[in-house]
$ cat coords31.txt   # compact mmCIF, C-alpha atoms
# COMPACT_ATOMS: atom_id res chain seq x y z
CA MET I 22 -59.76 -224.75 123.39
CA ALA I 23 -60.51 -226.48 120.08
CA TYR I 24 -56.78 -226.36 119.35
CA HIS I 25 -55.74 -227.92 122.68
CA HIS I 26 -54.70 -231.57 123.06
CA GLY I 27 -52.21 -231.68 125.95
CA PRO I 28 -49.05 -233.82 126.33
CA ALA I 29 -50.67 -236.92 127.82
CA VAL I 30 -52.26 -237.95 124.50
CA PHE I 31 -48.86 -239.10 123.22
CA ARG I 32 -48.83 -242.02 125.66
CA GLN I 33 -51.25 -243.86 123.40
CA PRO I 34 -49.83 -246.79 121.37
CA VAL I 35 -48.06 -246.02 118.11
CA PRO I 36 -50.38 -246.99 115.21
CA ALA I 37 -49.12 -249.84 113.04
CA PRO I 38 -48.44 -247.75 109.90
CA LEU I 39 -46.07 -245.52 111.90
CA ALA I 40 -44.43 -248.15 114.10
CA ASP I 41 -40.95 -249.65 113.67
CA LEU I 42 -40.05 -247.41 110.75
CA GLU I 43 -36.66 -247.24 109.09
CA VAL I 44 -37.30 -243.84 107.48
CA LEU I 45 -39.72 -241.10 108.53
CA TYR I 46 -40.15 -237.77 106.74
CA VAL I 47 -41.93 -235.01 108.68
CA VAL I 48 -42.88 -232.14 106.36
CA GLY I 49 -44.38 -229.04 107.96
CA GLY I 50 -45.11 -225.66 106.44
CA LEU I 51 -45.33 -226.67 102.78
CA TYR I 52 -47.47 -223.54 102.30
CA GLY I 53 -48.97 -224.59 98.98
CA ASN I 54 -45.61 -224.78 97.18
CA THR I 55 -46.13 -227.39 94.44
CA LEU I 56 -42.47 -227.41 93.39
CA ALA I 57 -41.40 -228.20 96.95
CA LEU I 58 -44.11 -230.87 97.17
CA HIS I 59 -42.85 -232.62 94.04
CA GLU I 60 -39.26 -232.56 95.32
CA VAL I 61 -40.34 -234.02 98.69
CA LEU I 62 -42.14 -236.82 96.88
CA ARG I 63 -39.12 -237.46 94.67
CA LEU I 64 -36.77 -237.68 97.66
CA PHE I 65 -39.16 -239.93 99.54
CA GLU I 66 -39.60 -242.26 96.59
CA ALA I 67 -35.82 -242.80 96.51
CA GLU I 68 -35.78 -243.98 100.15
CA THR I 69 -35.77 -247.71 100.84
CA GLY I 70 -37.02 -249.85 103.71
CA ARG I 71 -40.09 -249.42 105.89
CA LYS I 72 -40.94 -245.74 105.47
CA GLN I 73 -43.64 -243.13 106.00
CA LEU I 74 -44.17 -239.54 104.94
CA VAL I 75 -46.10 -237.30 107.35
CA PHE I 76 -47.31 -233.80 106.45
CA ASN I 77 -47.72 -232.16 109.85
CA GLY I 78 -49.85 -229.18 108.93
CA ASP I 79 -49.96 -225.91 107.01
CA PHE I 80 -49.57 -227.68 103.68
CA HIS I 81 -51.94 -225.00 102.33
CA TRP I 82 -51.27 -221.23 102.43
CA PHE I 83 -50.11 -219.56 99.20
CA ASP I 84 -52.14 -221.90 96.92
CA VAL I 85 -55.12 -219.64 96.32
CA HIS I 86 -55.72 -220.83 92.75
CA PRO I 87 -58.41 -223.55 93.02
CA ASP I 88 -56.55 -226.00 90.76
CA THR I 89 -53.34 -225.58 92.76
CA PHE I 90 -55.23 -225.96 96.04
CA ASP I 91 -56.88 -229.16 94.81
CA HIS I 92 -53.57 -230.58 93.57
CA ILE I 93 -51.84 -229.92 96.89
CA GLN I 94 -54.64 -231.50 98.87
CA ARG I 95 -54.92 -234.60 96.70
CA GLU I 96 -51.18 -235.32 96.80
CA VAL I 97 -50.80 -234.61 100.53
CA LEU I 98 -53.72 -236.82 101.50
CA ARG I 99 -52.14 -239.80 99.76
CA HIS I 100 -49.85 -239.86 102.81
CA VAL I 101 -50.26 -239.43 106.56
CA ALA I 102 -51.41 -235.87 107.27
CA LEU I 103 -52.17 -233.72 110.29
CA ARG I 104 -54.04 -230.48 110.18
CA GLY I 105 -52.28 -227.29 111.09
CA ASN I 106 -53.93 -224.05 112.06
CA VAL I 107 -54.40 -223.18 108.37
CA GLU I 108 -56.28 -226.40 107.62
CA THR I 109 -58.29 -226.12 110.84
CA GLU I 110 -59.52 -222.68 109.89
CA LEU I 111 -60.11 -223.68 106.26
CA ALA I 112 -62.37 -226.47 107.52
CA GLN I 113 -64.83 -223.93 108.97
CA ASP I 114 -68.17 -223.47 107.24
CA THR I 115 -67.55 -219.74 106.99
CA PRO I 116 -64.17 -218.04 106.38
CA ALA I 117 -61.97 -216.92 109.27
CA SER I 118 -63.33 -217.74 112.71
CA ASP I 119 -62.56 -215.62 115.76
CA ALA I 120 -59.11 -217.25 115.65
CA GLY I 121 -58.41 -215.53 112.31
CA CYS I 122 -55.71 -217.60 110.61
CA GLY I 123 -55.30 -219.57 113.84
CA CYS I 124 -51.60 -218.67 113.92
CA ALA I 125 -51.64 -217.60 117.61
CA TYR I 126 -48.71 -215.29 116.92
CA PRO I 127 -46.49 -214.34 119.88
CA ASP I 128 -45.93 -210.74 120.93
CA TRP I 129 -42.81 -210.26 118.77
CA VAL I 130 -44.89 -210.54 115.55
CA ASP I 131 -46.16 -207.11 114.52
CA ASP I 132 -49.82 -206.32 113.95
CA GLY I 133 -49.35 -205.85 110.22
CA VAL I 134 -48.25 -209.46 109.79
CA VAL I 135 -51.19 -210.64 111.91
CA ASN I 136 -53.76 -208.66 109.94
CA ARG I 137 -52.34 -209.70 106.58
CA SER I 138 -52.34 -213.36 107.62
CA ASN I 139 -56.01 -213.14 108.55
CA ARG I 140 -56.80 -211.69 105.11
CA ILE I 141 -54.71 -214.39 103.38
CA LEU I 142 -56.77 -217.02 105.17
CA GLN I 143 -60.02 -215.38 104.08
CA ARG I 144 -58.91 -215.41 100.43
CA LEU I 145 -57.57 -218.97 100.66
CA TRP I 146 -60.87 -220.21 102.11
CA SER I 147 -62.58 -219.45 98.79
CA ALA I 148 -60.30 -221.94 96.98
CA ALA I 149 -61.63 -224.83 99.10
CA THR I 150 -64.77 -226.72 98.16
CA PRO I 151 -67.12 -228.22 100.78
CA ALA I 152 -65.51 -231.60 100.01
CA HIS I 153 -62.05 -230.15 100.69
CA ARG I 154 -63.23 -228.69 103.97
CA ALA I 155 -64.73 -231.99 105.10
CA GLN I 156 -61.45 -233.78 104.37
CA LEU I 157 -59.48 -231.22 106.35
CA ALA I 158 -61.89 -231.33 109.30
CA ALA I 159 -61.35 -235.09 109.55
CA LEU I 160 -57.56 -234.85 109.94
CA PRO I 161 -56.03 -235.39 113.41
CA MET I 162 -54.04 -232.76 115.32
CA TRP I 163 -51.24 -235.09 116.46
CA GLN I 164 -49.70 -238.49 115.89
CA THR I 165 -47.09 -240.85 117.32
CA ALA I 166 -44.38 -242.80 115.49
CA SER I 167 -41.30 -244.88 116.19
CA VAL I 168 -38.02 -245.16 114.30
CA GLY I 169 -35.67 -247.72 115.78
CA THR I 170 -35.83 -247.23 119.54
CA LEU I 171 -36.85 -243.56 119.18
CA ARG I 172 -40.48 -242.85 120.10
CA LEU I 173 -41.81 -239.59 118.67
CA GLY I 174 -44.76 -237.28 119.06
CA ILE I 175 -45.64 -235.52 115.81
CA VAL I 176 -47.42 -232.18 116.12
CA HIS I 177 -47.94 -228.99 114.18
CA GLY I 178 -47.42 -226.55 117.06
CA ASP I 179 -46.21 -227.88 120.41
CA ALA I 180 -47.00 -230.59 122.97
CA GLN I 181 -50.09 -228.76 124.23
CA SER I 182 -51.69 -227.08 121.26
CA LEU I 183 -51.99 -227.29 117.50
CA ALA I 184 -51.02 -223.60 117.30
CA GLY I 185 -48.63 -223.49 120.28
CA TRP I 186 -45.31 -221.67 119.99
CA GLY I 187 -43.58 -223.64 122.75
CA PHE I 188 -41.21 -225.24 120.21
CA ALA I 189 -40.19 -221.92 118.63
CA GLN I 190 -36.44 -221.37 118.55
CA GLU I 191 -36.95 -218.07 120.39
CA HIS I 192 -38.71 -219.77 123.31
CA LEU I 193 -36.35 -222.75 123.40
CA ALA I 194 -33.44 -220.34 123.92
CA ASP I 195 -34.93 -219.54 127.35
CA PRO I 196 -33.73 -221.95 130.12
CA VAL I 197 -36.88 -221.27 132.16
CA HIS I 198 -39.10 -222.26 129.25
CA ARG I 199 -37.07 -225.43 128.72
CA HIS I 200 -38.11 -226.55 132.25
CA THR I 201 -41.72 -226.37 131.04
CA VAL I 202 -40.84 -228.37 127.93
CA ARG I 203 -39.17 -231.03 130.09
CA ASP I 204 -42.45 -231.36 131.99
CA TRP I 205 -44.24 -231.89 128.66
CA PHE I 206 -41.85 -234.72 127.82
CA GLU I 207 -42.48 -236.32 131.20
CA GLN I 208 -46.22 -236.24 130.61
CA ALA I 209 -45.96 -237.36 126.99
CA GLY I 210 -43.64 -240.34 127.45
CA VAL I 211 -41.80 -239.72 124.16
CA ASP I 212 -38.12 -239.29 123.31
CA ALA I 213 -38.66 -236.50 120.80
CA PHE I 214 -41.23 -234.20 119.25
CA ALA I 215 -41.26 -233.35 115.55
CA SER I 216 -42.96 -230.01 114.90
CA SER I 217 -43.20 -227.03 112.55
CA HIS I 218 -45.53 -223.95 112.75
CA THR I 219 -42.98 -221.38 113.96
CA CYS I 220 -41.19 -220.97 110.59
CA LEU I 221 -37.54 -221.29 111.72
CA PRO I 222 -35.78 -224.63 112.27
CA VAL I 223 -34.34 -225.71 115.60
CA PHE I 224 -33.12 -229.04 116.98
CA GLN I 225 -33.06 -228.56 120.77
CA SER I 226 -31.89 -231.14 123.30
CA LEU I 227 -33.21 -231.20 126.87
CA ARG I 228 -31.59 -232.94 129.82
CA ARG I 229 -33.49 -235.77 131.46
CA GLY I 230 -32.58 -238.15 134.30
CA ALA I 231 -29.00 -239.38 134.70
CA ALA I 232 -29.81 -242.79 133.20
CA GLN I 233 -31.77 -241.35 130.25
CA PRO I 234 -30.59 -239.91 126.94
CA PRO I 235 -31.63 -236.32 126.28
CA ALA I 236 -35.05 -235.51 124.87
CA TRP I 237 -35.18 -233.57 121.60
CA VAL I 238 -37.42 -231.10 119.81
CA PHE I 239 -37.02 -231.33 116.03
CA ASN I 240 -38.64 -228.32 114.34
CA ASN I 241 -38.15 -228.26 110.56
CA GLY I 242 -39.05 -224.58 110.13
CA ALA I 243 -40.69 -224.44 106.70
CA ALA I 244 -40.74 -226.92 103.83
CA GLY I 245 -42.14 -224.42 101.35
CA MET I 246 -39.98 -221.35 102.04
CA PRO I 247 -36.27 -220.61 102.58
CA ASN I 248 -35.02 -221.08 106.14
CA PHE I 249 -31.54 -219.53 105.90
CA ARG I 250 -30.10 -216.32 104.50
CA GLY I 251 -28.86 -216.93 100.96
CA ASP I 252 -30.23 -220.50 100.79
CA ALA I 253 -33.48 -220.94 98.85
CA ALA I 254 -34.16 -224.50 100.05
CA GLY I 255 -37.05 -225.49 102.24
CA LEU I 256 -36.45 -228.08 104.95
CA LEU I 257 -37.99 -231.33 106.12
CA THR I 258 -37.05 -233.46 109.12
CA ARG I 259 -35.68 -236.85 108.07
CA ILE I 260 -35.56 -239.42 110.89
CA ALA I 261 -33.93 -242.67 109.81
CA LEU I 262 -31.68 -245.59 110.63
CA THR I 263 -29.32 -244.50 107.84
CA PRO I 264 -27.53 -241.16 107.29
CA ALA I 265 -29.02 -238.52 105.02
CA PRO I 266 -27.32 -237.64 101.71
CA ALA I 267 -24.52 -235.28 102.71
CA PRO I 268 -25.18 -232.57 100.07
CA LEU I 269 -28.76 -232.14 101.32
CA ARG I 270 -28.00 -232.22 105.04
CA ARG I 271 -28.19 -228.71 106.52
CA ALA I 272 -27.97 -229.80 110.18
CA GLY I 273 -28.47 -232.94 112.19
CA VAL I 274 -27.79 -235.19 115.17
CA VAL I 275 -27.62 -238.90 115.96
CA GLN I 276 -29.74 -240.05 118.90
CA GLN I 277 -30.23 -243.64 120.10
CA GLY I 278 -28.67 -244.85 116.86
CA VAL I 279 -31.15 -242.83 114.78
CA HIS I 280 -30.07 -240.10 112.35
CA ILE I 281 -32.19 -236.94 112.51
CA ASP I 282 -31.43 -234.39 109.81
CA ALA I 283 -32.78 -231.13 108.47
CA LEU I 284 -32.93 -232.14 104.82
CA ALA I 285 -32.90 -229.51 102.09
CA ILE I 286 -35.80 -229.32 99.63
CA GLN I 287 -34.13 -227.74 96.62
CA VAL I 288 -36.27 -226.32 93.82
CA PRO I 289 -35.55 -223.99 90.87
CA VAL I 290 -35.39 -220.56 92.46
CA HIS I 291 -36.85 -218.50 89.62
CA ALA I 292 -39.63 -221.00 88.96
CA ALA I 293 -40.61 -220.98 92.63
CA GLN I 294 -40.69 -217.19 92.74
CA ALA I 295 -42.72 -217.03 89.54
CA GLN I 296 -45.23 -219.51 90.96
CA PHE I 297 -45.64 -217.36 94.06
CA LEU I 298 -45.93 -214.08 92.12
CA ALA I 299 -48.58 -215.53 89.81
CA GLN I 300 -50.85 -215.91 92.85
CA TRP I 301 -49.56 -213.10 95.07
CA PRO I 302 -48.21 -210.18 92.99
CA ALA I 303 -46.55 -207.08 94.40
CA GLY I 304 -48.96 -205.18 96.63
CA SER I 305 -50.79 -208.27 97.84
CA ASP I 306 -50.86 -209.33 101.49
CA ALA I 307 -48.71 -212.44 101.05
CA HIS I 308 -46.19 -210.54 98.95
CA GLU I 309 -45.85 -207.89 101.64
CA SER I 310 -45.35 -210.47 104.40
CA TYR I 311 -43.31 -213.17 102.66
CA PHE I 312 -41.60 -212.17 99.42
CA GLY I 313 -38.57 -210.73 101.20
CA ARG I 314 -37.99 -214.11 102.82
CA ILE I 315 -38.73 -216.01 99.61
CA SER I 316 -36.23 -213.92 97.63
CA ALA I 317 -33.37 -213.67 100.17
CA GLY I 318 -34.09 -215.99 103.09
CA PRO I 319 -34.50 -214.98 106.75
CA ASP I 320 -31.65 -213.71 108.92
CA TYR I 321 -30.93 -217.21 110.22
CA HIS I 322 -28.11 -219.69 109.56
CA PRO I 323 -27.49 -223.47 109.72
CA HIS I 324 -25.12 -223.24 112.70
CA GLN I 325 -28.04 -221.92 114.78
CA VAL I 326 -30.18 -225.03 114.34
CA VAL I 327 -28.66 -227.65 116.69
CA ARG I 328 -28.64 -226.59 120.35
CA GLN I 329 -27.58 -228.98 123.08
CA GLU I 330 -28.00 -228.37 126.78
CA ASP I 331 -24.82 -228.85 128.83

$ encode --input "coords31.txt" --output "structure tokens"
Amino acid sequence: MAYHHGPAVFRQPVPAPLADLEVLYVVGGLYGNTLALHEVLRLFEAETGRKQLVFNGDFHWFDVHPDTFDHIQREVLRHVALRGNVETELAQDTPASDAGCGCAYPDWVDDGVVNRSNRILQRLWSAATPAHRAQLAALPMWQTASVGTLRLGIVHGDAQSLAGWGFAQEHLADPVHRHTVRDWFEQAGVDAFASSHTCLPVFQSLRRGAAQPPAWVFNNGAAGMPNFRGDAAGLLTRIALTPAPAPLRRAGVVQQGVHIDALAIQVPVHAAQAQFLAQWPAGSDAHESYFGRISAGPDYHPHQVVRQED
């Protein structure tokens, strides 16, 4: 219940720092990758106009070295930040609550992944100081923003819960589930949700009334890990009044005159792998769960990202 917020919260007014933006970056699943963080900041610095950068949770995960953990937290908190399940569990006074890592994995995730994730969280907790934990506990679970005429809800998980999987590409492929998501949009009063948490990117449209444009779920997958087979880049969701740079655009749509793109976060491959291995060598829990994806990418491809209902 501590993770639950419900769709109706998004009817609250958009706060001034996130209203009437020209460029919005939503960066979920950074996972403690400092190289990806620095590239995100470099890309954002190059943007012009009224802009905001939002880290929507799980910016910590692989950063078990205390100095790396501190660096990630200090840089992230210079911007708008939400807590994901990782940050929520790190904020506890003792490591790993009954929620474990708070991932709320669906049935298709095997028990080995679940158990290893709980142990990763326990180890990561020791990198956080009491001051770090207090900062994380103070972060919100959701936010609203507007870019042009597009009103957005920003979450880590889904419209109901910080750790919800309702915006996972697997669930959004189910027409019955999309009826539930349409109900969430009706309750929330937004045009789109920007999310992360589920580790694979998907931009899913949902039909609304005849006089209304479609609603959209924009899930960036992971900023700090590869999202496609043979492509080492992480992804962020760029929502802007201007198009994204073509070489970095992996997928995207235009809605209500706003460009929404899955923007590549490109970092030196060998340096990124070396950074990971220095903290999680072969035989460690994170290596067992993630190094295959980090080295080759998941079995997923850019053409699978954008899905429009007929």

$ residues_near_point --input "coords31.txt" --point "(-26.9, -233.0, 99.7)" --cutoff "12 Å" --atoms "all atoms listed in the file" --output "ChimeraX atom specification"
/I:64,254,256,264-272,282-287

$ residues_around --input "coords31.txt" --residues "Gly278 in chain I" --least-positions-apart "4" --cutoff "10 Å" --atoms "only C-alpha atoms" --output "NGL selection string"
:I and (168-171 or 261-263 or 274)

$ closest_residue --input "coords31.txt" --among "I:Glu207, I:Ala57, I:Asp114, I:Thr150" --to "Gly230 in chain I" --atoms "only C-alpha atoms"
I:Glu207

$ atom_distance --input "coords31.txt" --atom1 "CA of Pro222 in chain I" --atom2 "CA of Val176 in chain I"
14.4 Å

$ closest_residue --input "coords31.txt" --among "I:Ala67, I:Ala215, I:Val197, I:Ala166" --to "Gly49 in chain I" --atoms "only C-alpha atoms"
I:Ala215

$ residues_near_point --input "coords31.txt" --point "(-46.8, -205.6, 102.7)" --cutoff "12 Å" --atoms "all atoms listed in the file" --output "ChimeraX atom specification"
/I:131-138,140-141,301-313

$ atom_distance --input "coords31.txt" --atom1 "CA of His92 in chain I" --atom2 "CA of Ala299 in chain I"
16.3 Å

$ atom_distance --input "coords31.txt" --atom1 "CA of Gly251 in chain I" --atom2 "CA of Val107 in chain I"
27.3 Å

$ closest_residue --input "coords31.txt" --among "I:Gly178, I:Pro247, I:Pro161, I:Pro34" --to "Val290 in chain I" --atoms "all atoms listed in the file"
I:Pro247

$ closest_residue --input "coords31.txt" --among "I:Thr115, I:Gln233, I:Ser216, I:Gln181" --to "His26 in chain I" --atoms "all atoms listed in the file"
I:Gln181

$ closest_residue --input "coords31.txt" --among "I:Ala213, I:Ala180, I:Val279, I:Val97" --to "His59 in chain I" --atoms "only C-alpha atoms"
I:Val97

$ build_atoms --input "coords31.txt" --residues "range 238-249 of chain I" --atoms "all heavy atoms" --output "CSV table (one decimal), keeping the file's coordinate frame"
chain,number,residue,atom,x,y,z
I,238,VAL,N,-36.4,-231.7,120.7
I,238,VAL,CA,-37.4,-231.1,119.8
I,238,VAL,C,-36.8,-230.9,118.4
I,238,VAL,O,-35.7,-230.3,118.3
I,238,VAL,CB,-37.9,-229.7,120.4
I,238,VAL,CG1,-38.7,-229.0,119.4
I,238,VAL,CG2,-38.6,-229.9,121.7
I,239,PHE,N,-37.5,-231.5,117.4
I,239,PHE,CA,-37.0,-231.3,116.0
I,239,PHE,C,-38.1,-230.5,115.3
I,239,PHE,O,-39.1,-231.0,114.9
I,239,PHE,CB,-36.8,-232.7,115.4
I,239,PHE,CG,-35.8,-233.6,116.1
I,239,PHE,CD1,-36.3,-234.8,116.6
I,239,PHE,CD2,-34.5,-233.2,116.2
I,239,PHE,CE1,-35.3,-235.6,117.2
I,239,PHE,CE2,-33.6,-234.0,116.8
I,239,PHE,CZ,-34.0,-235.2,117.4
I,240,ASN,N,-37.7,-229.3,115.0
I,240,ASN,CA,-38.6,-228.3,114.3
I,240,ASN,C,-38.0,-228.0,113.0
I,240,ASN,O,-36.9,-227.5,112.9
I,240,ASN,CB,-38.8,-227.0,115.2
I,240,ASN,CG,-39.8,-226.1,114.6
I,240,ASN,OD1,-40.0,-226.0,113.4
I,240,ASN,ND2,-40.3,-225.2,115.5
I,241,ASN,N,-38.7,-228.4,111.9
I,241,ASN,CA,-38.2,-228.3,110.6
I,241,ASN,C,-38.3,-226.8,110.0
I,241,ASN,O,-37.8,-226.6,108.9
I,241,ASN,CB,-38.8,-229.2,109.6
I,241,ASN,CG,-40.2,-228.8,109.1
I,241,ASN,OD1,-41.1,-228.8,109.9
I,241,ASN,ND2,-40.4,-228.5,107.9
I,242,GLY,N,-38.9,-225.9,110.7
I,242,GLY,CA,-39.0,-224.6,110.1
I,242,GLY,C,-40.1,-224.6,109.1
I,242,GLY,O,-41.3,-224.6,109.4
I,243,ALA,N,-39.7,-224.5,107.8
I,243,ALA,CA,-40.7,-224.4,106.7
I,243,ALA,C,-40.2,-225.3,105.5
I,243,ALA,O,-39.1,-225.1,105.1
I,243,ALA,CB,-40.9,-223.0,106.3
I,244,ALA,N,-41.1,-226.1,105.0
I,244,ALA,CA,-40.7,-226.9,103.8
I,244,ALA,C,-40.9,-226.1,102.6
I,244,ALA,O,-40.2,-226.4,101.6
I,244,ALA,CB,-41.6,-228.2,103.8
I,245,GLY,N,-41.8,-225.1,102.6
I,245,GLY,CA,-42.1,-224.4,101.4
I,245,GLY,C,-41.5,-223.1,101.2
I,245,GLY,O,-41.9,-222.3,100.2
I,246,MET,N,-40.7,-222.7,102.1
I,246,MET,CA,-40.0,-221.4,102.0
I,246,MET,C,-38.5,-221.5,102.5
I,246,MET,O,-38.2,-222.5,103.2
I,246,MET,CB,-40.6,-220.3,103.0
I,246,MET,CG,-41.9,-219.8,102.5
I,246,MET,SD,-42.4,-218.3,103.4
I,246,MET,CE,-42.5,-218.9,105.1
I,247,PRO,N,-37.7,-220.6,102.1
I,247,PRO,CA,-36.3,-220.6,102.6
I,247,PRO,C,-36.2,-220.5,104.1
I,247,PRO,O,-37.1,-219.8,104.7
I,247,PRO,CB,-35.6,-219.4,101.9
I,247,PRO,CG,-36.5,-219.1,100.7
I,247,PRO,CD,-37.9,-219.5,101.1
I,248,ASN,N,-35.2,-221.1,104.7
I,248,ASN,CA,-35.0,-221.1,106.1
I,248,ASN,C,-33.7,-220.4,106.6
I,248,ASN,O,-33.6,-220.1,107.7
I,248,ASN,CB,-35.0,-222.5,106.7
I,248,ASN,CG,-36.3,-223.2,106.6
I,248,ASN,OD1,-37.2,-223.1,107.5
I,248,ASN,ND2,-36.6,-223.8,105.4
I,249,PHE,N,-32.8,-220.1,105.6
I,249,PHE,CA,-31.5,-219.5,105.9
I,249,PHE,C,-31.2,-218.4,104.9
I,249,PHE,O,-31.7,-218.5,103.7
I,249,PHE,CB,-30.4,-220.6,105.8
I,249,PHE,CG,-30.6,-221.8,106.7
I,249,PHE,CD1,-30.7,-223.1,106.1
I,249,PHE,CD2,-30.8,-221.7,108.1
I,249,PHE,CE1,-30.9,-224.2,106.9
I,249,PHE,CE2,-31.0,-222.8,108.8
I,249,PHE,CZ,-31.0,-224.0,108.3
